[in-house]
file upload_21.pdb (PDB, C-alpha atoms)
ATOM      1  CA  MET A  54     -20.122   1.066  15.163  1.00  0.00           C
ATOM      2  CA  SER A  55     -16.699  -0.170  14.158  1.00  0.00           C
ATOM      3  CA  LYS A  56     -15.083  -3.475  14.979  1.00  0.00           C
ATOM      4  CA  LYS A  57     -11.664  -3.484  16.585  1.00  0.00           C
ATOM      5  CA  TYR A  58      -9.236  -5.875  14.937  1.00  0.00           C
ATOM      6  CA  THR A  59      -6.298  -7.458  16.658  1.00  0.00           C
ATOM      7  CA  GLU A  60      -2.846  -6.957  15.238  1.00  0.00           C
ATOM      8  CA  ASP A  61      -2.715 -10.702  14.500  1.00  0.00           C
ATOM      9  CA  GLU A  62      -5.957 -10.554  12.466  1.00  0.00           C
ATOM     10  CA  LEU A  63      -4.665  -7.610  10.439  1.00  0.00           C
ATOM     11  CA  LEU A  64      -1.249  -9.184   9.881  1.00  0.00           C
ATOM     12  CA  LYS A  65      -2.934 -12.382   8.722  1.00  0.00           C
ATOM     13  CA  GLU A  66      -4.912 -10.361   6.148  1.00  0.00           C
ATOM     14  CA  ILE A  67      -1.702  -8.813   4.804  1.00  0.00           C
ATOM     15  CA  LYS A  68       0.168 -12.123   4.695  1.00  0.00           C
ATOM     16  CA  LYS A  69      -2.709 -13.827   2.839  1.00  0.00           C
ATOM     17  CA  ARG A  70      -1.774 -11.677  -0.123  1.00  0.00           C
ATOM     18  CA  ASN A  71       2.021 -12.212  -0.083  1.00  0.00           C
ATOM     19  CA  LYS A  72       2.059 -14.736  -2.948  1.00  0.00           C
ATOM     20  CA  GLU A  73      -0.016 -12.439  -5.142  1.00  0.00           C
ATOM     21  CA  ALA A  74       2.318  -9.572  -4.222  1.00  0.00           C
ATOM     22  CA  GLU A  75       5.378 -11.589  -5.220  1.00  0.00           C
ATOM     23  CA  LYS A  76       3.721 -12.451  -8.540  1.00  0.00           C
ATOM     24  CA  LEU A  77       3.021  -8.765  -9.217  1.00  0.00           C
ATOM     25  CA  LEU A  78       6.596  -7.835  -8.335  1.00  0.00           C
ATOM     26  CA  ASN A  79       7.799 -10.177 -11.064  1.00  0.00           C
ATOM     27  CA  ASP A  80       5.674  -8.566 -13.796  1.00  0.00           C
ATOM     28  CA  LYS A  81       6.378  -4.873 -14.338  1.00  0.00           C
ATOM     29  CA  ASP A  82       3.467  -4.309 -16.756  1.00  0.00           C
ATOM     30  CA  GLN A  83       0.932  -6.087 -14.562  1.00  0.00           C
ATOM     31  CA  MET A  84       2.194  -4.119 -11.539  1.00  0.00           C
ATOM     32  CA  GLU A  85       1.821  -0.809 -13.380  1.00  0.00           C
ATOM     33  CA  ARG A  86      -1.754  -1.648 -14.395  1.00  0.00           C
ATOM     34  CA  PHE A  87      -2.509  -2.617 -10.785  1.00  0.00           C
ATOM     35  CA  LEU A  88      -1.041   0.657  -9.470  1.00  0.00           C
ATOM     36  CA  GLU A  89      -3.045   2.676 -12.003  1.00  0.00           C
ATOM     37  CA  ARG A  90      -6.287   0.947 -10.950  1.00  0.00           C
ATOM     38  CA  LEU A  91      -5.352   1.494  -7.312  1.00  0.00           C
ATOM     39  CA  GLU A  92      -4.822   5.220  -7.900  1.00  0.00           C
ATOM     40  CA  ALA A  93      -8.219   5.415  -9.595  1.00  0.00           C
ATOM     41  CA  LYS A  94      -9.835   3.709  -6.591  1.00  0.00           C
ATOM     42  CA  LEU A  95      -8.038   6.073  -4.237  1.00  0.00           C
ATOM     43  CA  GLN A  96      -9.702   9.004  -6.040  1.00  0.00           C
ATOM     44  CA  GLN A  97     -13.083   7.495  -5.140  1.00  0.00           C
ATOM     45  CA  VAL A  98     -12.412   7.105  -1.412  1.00  0.00           C
ATOM     46  CA  PRO A  99     -14.680   9.710   0.212  1.00  0.00           C
ATOM     47  CA  VAL A 100     -12.431  10.585   3.138  1.00  0.00           C
ATOM     48  CA  VAL A 101      -8.774   9.698   3.222  1.00  0.00           C
ATOM     49  CA  GLY A 102      -7.833   9.385   6.854  1.00  0.00           C
ATOM     50  CA  LYS A 103      -4.405   9.666   8.389  1.00  0.00           C
ATOM     51  CA  GLN A 104      -3.585   6.009   7.784  1.00  0.00           C
ATOM     52  CA  LEU A 105      -4.639   6.041   4.122  1.00  0.00           C
ATOM     53  CA  SER A 106      -2.949   9.375   3.394  1.00  0.00           C
ATOM     54  CA  ASN A 107       0.357   7.512   2.971  1.00  0.00           C
ATOM     55  CA  LEU A 108      -0.946   5.464   0.039  1.00  0.00           C
ATOM     56  CA  PRO A 109       0.478   7.761  -2.671  1.00  0.00           C
ATOM     57  CA  VAL A 110       4.018   7.543  -1.287  1.00  0.00           C
ATOM     58  CA  LEU A 111       3.710   3.749  -1.006  1.00  0.00           C
ATOM     59  CA  ILE A 112       2.584   3.580  -4.640  1.00  0.00           C
ATOM     60  CA  SER A 113       5.504   5.812  -5.598  1.00  0.00           C
ATOM     61  CA  LEU A 114       7.939   3.613  -3.672  1.00  0.00           C
ATOM     62  CA  VAL A 115       6.690   0.480  -5.446  1.00  0.00           C
ATOM     63  CA  ARG A 116       7.022   2.221  -8.824  1.00  0.00           C
ATOM     64  CA  SER A 117      10.576   3.301  -8.018  1.00  0.00           C
ATOM     65  CA  TYR A 118      11.400  -0.238  -6.925  1.00  0.00           C
ATOM     66  CA  MET A 119       9.917  -1.752 -10.094  1.00  0.00           C
ATOM     67  CA  LYS A 120      11.850   0.705 -12.287  1.00  0.00           C
ATOM     68  CA  LYS A 121      14.980  -0.237 -10.337  1.00  0.00           C
ATOM     69  CA  ASP A 122      15.476   3.439  -9.469  1.00  0.00           C
ATOM     70  CA  TYR A 123      15.333   2.632  -5.757  1.00  0.00           C
ATOM     71  CA  GLN A 124      16.388  -0.813  -4.576  1.00  0.00           C
ATOM     72  CA  ASP A 125      17.766   0.031  -1.130  1.00  0.00           C
ATOM     73  CA  ILE A 126      14.834  -1.529   0.682  1.00  0.00           C
ATOM     74  CA  PRO A 127      14.272  -5.014   2.095  1.00  0.00           C
ATOM     75  CA  LEU A 128      12.278  -7.319  -0.171  1.00  0.00           C
ATOM     76  CA  GLY A 129      10.055  -8.182   2.802  1.00  0.00           C
ATOM     77  CA  THR A 130       9.087  -4.511   3.108  1.00  0.00           C
ATOM     78  CA  ILE A 131       8.141  -4.324  -0.577  1.00  0.00           C
ATOM     79  CA  ILE A 132       6.138  -7.559  -0.359  1.00  0.00           C
ATOM     80  CA  GLY A 133       4.339  -6.253   2.733  1.00  0.00           C
ATOM     81  CA  ILE A 134       3.499  -2.959   1.034  1.00  0.00           C
ATOM     82  CA  VAL A 135       2.214  -4.637  -2.135  1.00  0.00           C
ATOM     83  CA  SER A 136       0.210  -7.135  -0.055  1.00  0.00           C
ATOM     84  CA  ALA A 137      -1.451  -4.268   1.829  1.00  0.00           C
ATOM     85  CA  LEU A 138      -2.131  -2.445  -1.462  1.00  0.00           C
ATOM     86  CA  ILE A 139      -3.794  -5.612  -2.788  1.00  0.00           C
ATOM     87  CA  TYR A 140      -5.900  -5.725   0.388  1.00  0.00           C
ATOM     88  CA  PHE A 141      -6.949  -2.110  -0.124  1.00  0.00           C
ATOM     89  CA  PHE A 142      -7.847  -2.737  -3.769  1.00  0.00           C
ATOM     90  CA  ALA A 143      -9.950  -5.820  -2.984  1.00  0.00           C
ATOM     91  CA  PRO A 144     -13.640  -4.848  -2.908  1.00  0.00           C
ATOM     92  CA  VAL A 145     -14.411  -7.648  -0.451  1.00  0.00           C
ATOM     93  CA  ASP A 146     -12.210  -7.874   2.612  1.00  0.00           C
ATOM     94  CA  LEU A 147     -12.918  -7.890   6.348  1.00  0.00           C
ATOM     95  CA  ILE A 148     -15.527  -5.152   5.804  1.00  0.00           C
ATOM     96  CA  PRO A 149     -16.736  -4.717   2.196  1.00  0.00           C
ATOM     97  CA  ASP A 150     -15.788  -1.303   0.798  1.00  0.00           C
ATOM     98  CA  SER A 151     -19.353  -0.807  -0.433  1.00  0.00           C
ATOM     99  CA  ILE A 152     -20.486  -0.070   3.144  1.00  0.00           C
ATOM    100  CA  PRO A 153     -20.273   3.737   3.446  1.00  0.00           C
ATOM    101  CA  VAL A 154     -17.447   5.010   5.688  1.00  0.00           C
ATOM    102  CA  LEU A 155     -17.230   1.774   7.682  1.00  0.00           C
ATOM    103  CA  GLY A 156     -16.082  -0.101   4.564  1.00  0.00           C
ATOM    104  CA  TYR A 157     -12.689   1.601   4.672  1.00  0.00           C
ATOM    105  CA  SER A 158     -12.128   1.278   8.425  1.00  0.00           C
ATOM    106  CA  ASP A 159     -10.499  -2.148   8.043  1.00  0.00           C
ATOM    107  CA  ASP A 160      -8.326  -0.794   5.210  1.00  0.00           C
ATOM    108  CA  ALA A 161      -7.198   2.028   7.491  1.00  0.00           C
ATOM    109  CA  ALA A 162      -6.450  -0.471  10.281  1.00  0.00           C
ATOM    110  CA  VAL A 163      -4.366  -2.627   7.901  1.00  0.00           C
ATOM    111  CA  PHE A 164      -2.401   0.429   6.765  1.00  0.00           C
ATOM    112  CA  ALA A 165      -1.862   1.642  10.323  1.00  0.00           C
ATOM    113  CA  LEU A 166      -0.272  -1.720  11.146  1.00  0.00           C
ATOM    114  CA  LEU A 167       1.720  -1.756   7.916  1.00  0.00           C
ATOM    115  CA  TRP A 168       2.944   1.779   8.557  1.00  0.00           C
ATOM    116  CA  ARG A 169       4.310   0.796  11.970  1.00  0.00           C
ATOM    117  CA  MET A 170       6.200  -2.047  10.245  1.00  0.00           C
ATOM    118  CA  VAL A 171       7.640  -0.074   7.293  1.00  0.00           C
ATOM    119  CA  GLU A 172       7.768   3.567   8.393  1.00  0.00           C
ATOM    120  CA  SER A 173      11.556   3.766   8.754  1.00  0.00           C
ATOM    121  CA  ASP A 174      12.085   2.179   5.312  1.00  0.00           C
ATOM    122  CA  VAL A 175       9.566   4.579   3.743  1.00  0.00           C
ATOM    123  CA  ASN A 176      11.205   7.545   5.460  1.00  0.00           C
ATOM    124  CA  GLU A 177      14.564   6.481   3.981  1.00  0.00           C
ATOM    125  CA  TYR A 178      12.892   6.374   0.570  1.00  0.00           C
ATOM    126  CA  LYS A 179      11.503   9.878   1.052  1.00  0.00           C
ATOM    127  CA  GLU A 180      14.969  11.126   2.037  1.00  0.00           C
ATOM    128  CA  TRP A 181      16.424   9.472  -1.079  1.00  0.00           C
ATOM    129  CA  GLN A 182      13.794  11.202  -3.212  1.00  0.00           C
ATOM    130  CA  GLU A 183      14.537  14.588  -1.687  1.00  0.00           C
ATOM    131  CA  LYS A 184      18.286  14.152  -2.238  1.00  0.00           C
ATOM    132  CA  SER A 185      17.841  12.883  -5.793  1.00  0.00           C
ATOM    133  CA  GLY A 186      15.274  15.542  -6.703  1.00  0.00           C
ATOM    134  CA  LYS A 187      12.576  12.960  -7.521  1.00  0.00           C
ATOM    135  CA  ARG A 188       8.939  13.654  -6.699  1.00  0.00           C
ATOM    136  CA  VAL A 189       7.352  11.633  -3.906  1.00  0.00           C
ATOM    137  CA  ILE A 190       4.009  11.336  -5.712  1.00  0.00           C
ATOM    138  CA  ASP A 191       2.969  10.779  -9.295  1.00  0.00           C
ATOM    139  CA  GLU A 192       6.160   9.455 -10.850  1.00  0.00           C
ATOM    140  CA  LYS A 193       4.747   7.256 -13.619  1.00  0.00           C
TER     141      LYS A 193
END
call {"tool": "encode", "arguments": {"input": "upload_21.pdb", "output": "structure tokens"}}
result
Amino acid sequence: MSKKYTEDELLKEIKKRNKEAEKLLNDKDQMERFLERLEAKLQQVPVVGKQLSNLPVLISLVRSYMKKDYQDIPLGTIIGIVSALIYFFAPVDLIPDSIPVLGYSDDAAVFALLWRMVESDVNEYKEWQEKSGKRVIDEK
């Protein structure tokens, strides 16, 4: 039994975290600690569905942005990605993550919406990585 969320509800959840995302983007050390905790949480997710399978590349993109290796991306895209990552990391959101399987369905819905919004920017990042010889995942 899974609840269907409207695009507006999901977008509202992402935007609620924009200020926190902007704060993280202004503190490289705090952002790195956040990304490390996020990666640890990702290891605990029992089943990574299609929507959540893009998390590692999003984490990599944020790291590249913070290191100033890759800046050819709109700030709004970065803020949206970080806001969605904050949503994923939060233990209490629309459906608490402690509820087996169902607890990550809202996270997957948020990332599906985010992906539709940022896919072309992320694909450009992946192309940049391929051309520059950088790895897409695990570039601490």
call {"tool": "resolve_selection", "arguments": {"input": "upload_21.pdb", "expression": "the PyMOL selection byres ((chain A and resi 177) around 12)", "output": "ChimeraX atom specification"}}
result
/A:110,114,123-127,171-176,178-184,189
call {"tool": "write_last_selection", "arguments": {"input": "upload_21.pdb", "atoms": "C-alpha atoms", "output": "PDB file, in the frame of the given file"}}
result
ATOM      1  CA  VAL A 110       4.018   7.543  -1.287  1.00  0.00           C
ATOM      2  CA  LEU A 114       7.939   3.613  -3.672  1.00  0.00           C
ATOM      3  CA  TYR A 123      15.333   2.632  -5.757  1.00  0.00           C
ATOM      4  CA  GLN A 124      16.388  -0.813  -4.576  1.00  0.00           C
ATOM      5  CA  ASP A 125      17.766   0.031  -1.130  1.00  0.00           C
ATOM      6  CA  ILE A 126      14.834  -1.529   0.682  1.00  0.00           C
ATOM      7  CA  PRO A 127      14.272  -5.014   2.095  1.00  0.00           C
ATOM      8  CA  VAL A 171       7.640  -0.074   7.293  1.00  0.00           C
ATOM      9  CA  GLU A 172       7.768   3.567   8.393  1.00  0.00           C
ATOM     10  CA  SER A 173      11.556   3.766   8.754  1.00  0.00           C
ATOM     11  CA  ASP A 174      12.085   2.179   5.312  1.00  0.00           C
ATOM     12  CA  VAL A 175       9.566   4.579   3.743  1.00  0.00           C
ATOM     13  CA  ASN A 176      11.205   7.545   5.460  1.00  0.00           C
ATOM     14  CA  TYR A 178      12.892   6.374   0.570  1.00  0.00           C
ATOM     15  CA  LYS A 179      11.503   9.878   1.052  1.00  0.00           C
ATOM     16  CA  GLU A 180      14.969  11.126   2.037  1.00  0.00           C
ATOM     17  CA  TRP A 181      16.424   9.472  -1.079  1.00  0.00           C
ATOM     18  CA  GLN A 182      13.794  11.202  -3.212  1.00  0.00           C
ATOM     19  CA  GLU A 183      14.537  14.588  -1.687  1.00  0.00           C
ATOM     20  CA  LYS A 184      18.286  14.152  -2.238  1.00  0.00           C
ATOM     21  CA  VAL A 189       7.352  11.633  -3.906  1.00  0.00           C
TER      22      VAL A 189
END
call {"tool": "closest_residue", "arguments": {"input": "upload_21.pdb", "among": "A:Met170, A:Thr59, A:Glu73, A:Pro109", "to": "Glu89 of chain A", "atoms": "all atoms listed in the file"}}
result
A:Pro109
call {"tool": "atom_distance", "arguments": {"input": "upload_21.pdb", "atom1": "atom CA of Glu75 of chain A", "atom2": "atom CA of Ile139 of chain A"}}
result
11.2 Å
call {"tool": "atom_distance", "arguments": {"input": "upload_21.pdb", "atom1": "atom CA of Leu88 of chain A", "atom2": "atom CA of Asp61 of chain A"}}
result
26.6 Å
call {"tool": "closest_residue", "arguments": {"input": "upload_21.pdb", "among": "A:Ser113, A:Asn79, A:Ser136, A:Thr130", "to": "Glu92 of chain A", "atoms": "only C-alpha atoms"}}
result
A:Ser113
call {"tool": "atom_distance", "arguments": {"input": "upload_21.pdb", "atom1": "atom CA of Lys72 of chain A", "atom2": "atom CA of Ile131 of chain A"}}
result
12.3 Å
call {"tool": "resolve_selection", "arguments": {"input": "upload_21.pdb", "expression": "the PyMOL selection byres ((chain A and resi 133) around 9)", "output": "PyMOL selection string"}}
result
chain A and resi 67-68+70-71+74+128-132+134-138+167+170-171
call {"tool": "resolve_selection", "arguments": {"input": "upload_21.pdb", "expression": "the PyMOL selection byres ((chain A and resi 162) around 10)", "output": "list in words"}}
result
Lys57, Tyr58, Thr59, Glu60, Leu63, Gln104, Leu105, Tyr157, Ser158, Asp159, Asp160, Ala161, Val163, Phe164, Ala165, Leu166, Leu167 and Trp168 of chain A
call {"tool": "closest_residue", "arguments": {"input": "upload_21.pdb", "among": "A:Asp80, A:Glu66, A:Asp122, A:Leu108", "to": "Gln96 of chain A", "atoms": "only C-alpha atoms"}}
result
A:Leu108
call {"tool": "closest_residue", "arguments": {"input": "upload_21.pdb", "among": "A:Lys65, A:Arg116, A:Arg169, A:Ser185", "to": "Leu78 of chain A", "atoms": "all atoms listed in the file"}}
result
A:Arg116
call {"tool": "closest_residue", "arguments": {"input": "upload_21.pdb", "among": "A:Ala143, A:Leu64, A:Val115, A:Leu77", "to": "Lys94 of chain A", "atoms": "all atoms listed in the file"}}
result
A:Ala143
call {"tool": "closest_residue", "arguments": {"input": "upload_21.pdb", "among": "A:Gln83, A:Ile112, A:Lys69, A:Ser117", "to": "Leu95 of chain A", "atoms": "all atoms listed in the file"}}
result
A:Ile112
call {"tool": "residues_near_point", "arguments": {"input": "upload_21.pdb", "point": "(-7.7, 0.1, -6.3)", "cutoff": "6 Å", "atoms": "all atoms listed in the file", "output": "ChimeraX atom specification"}}
result
/A:90-91,94,142
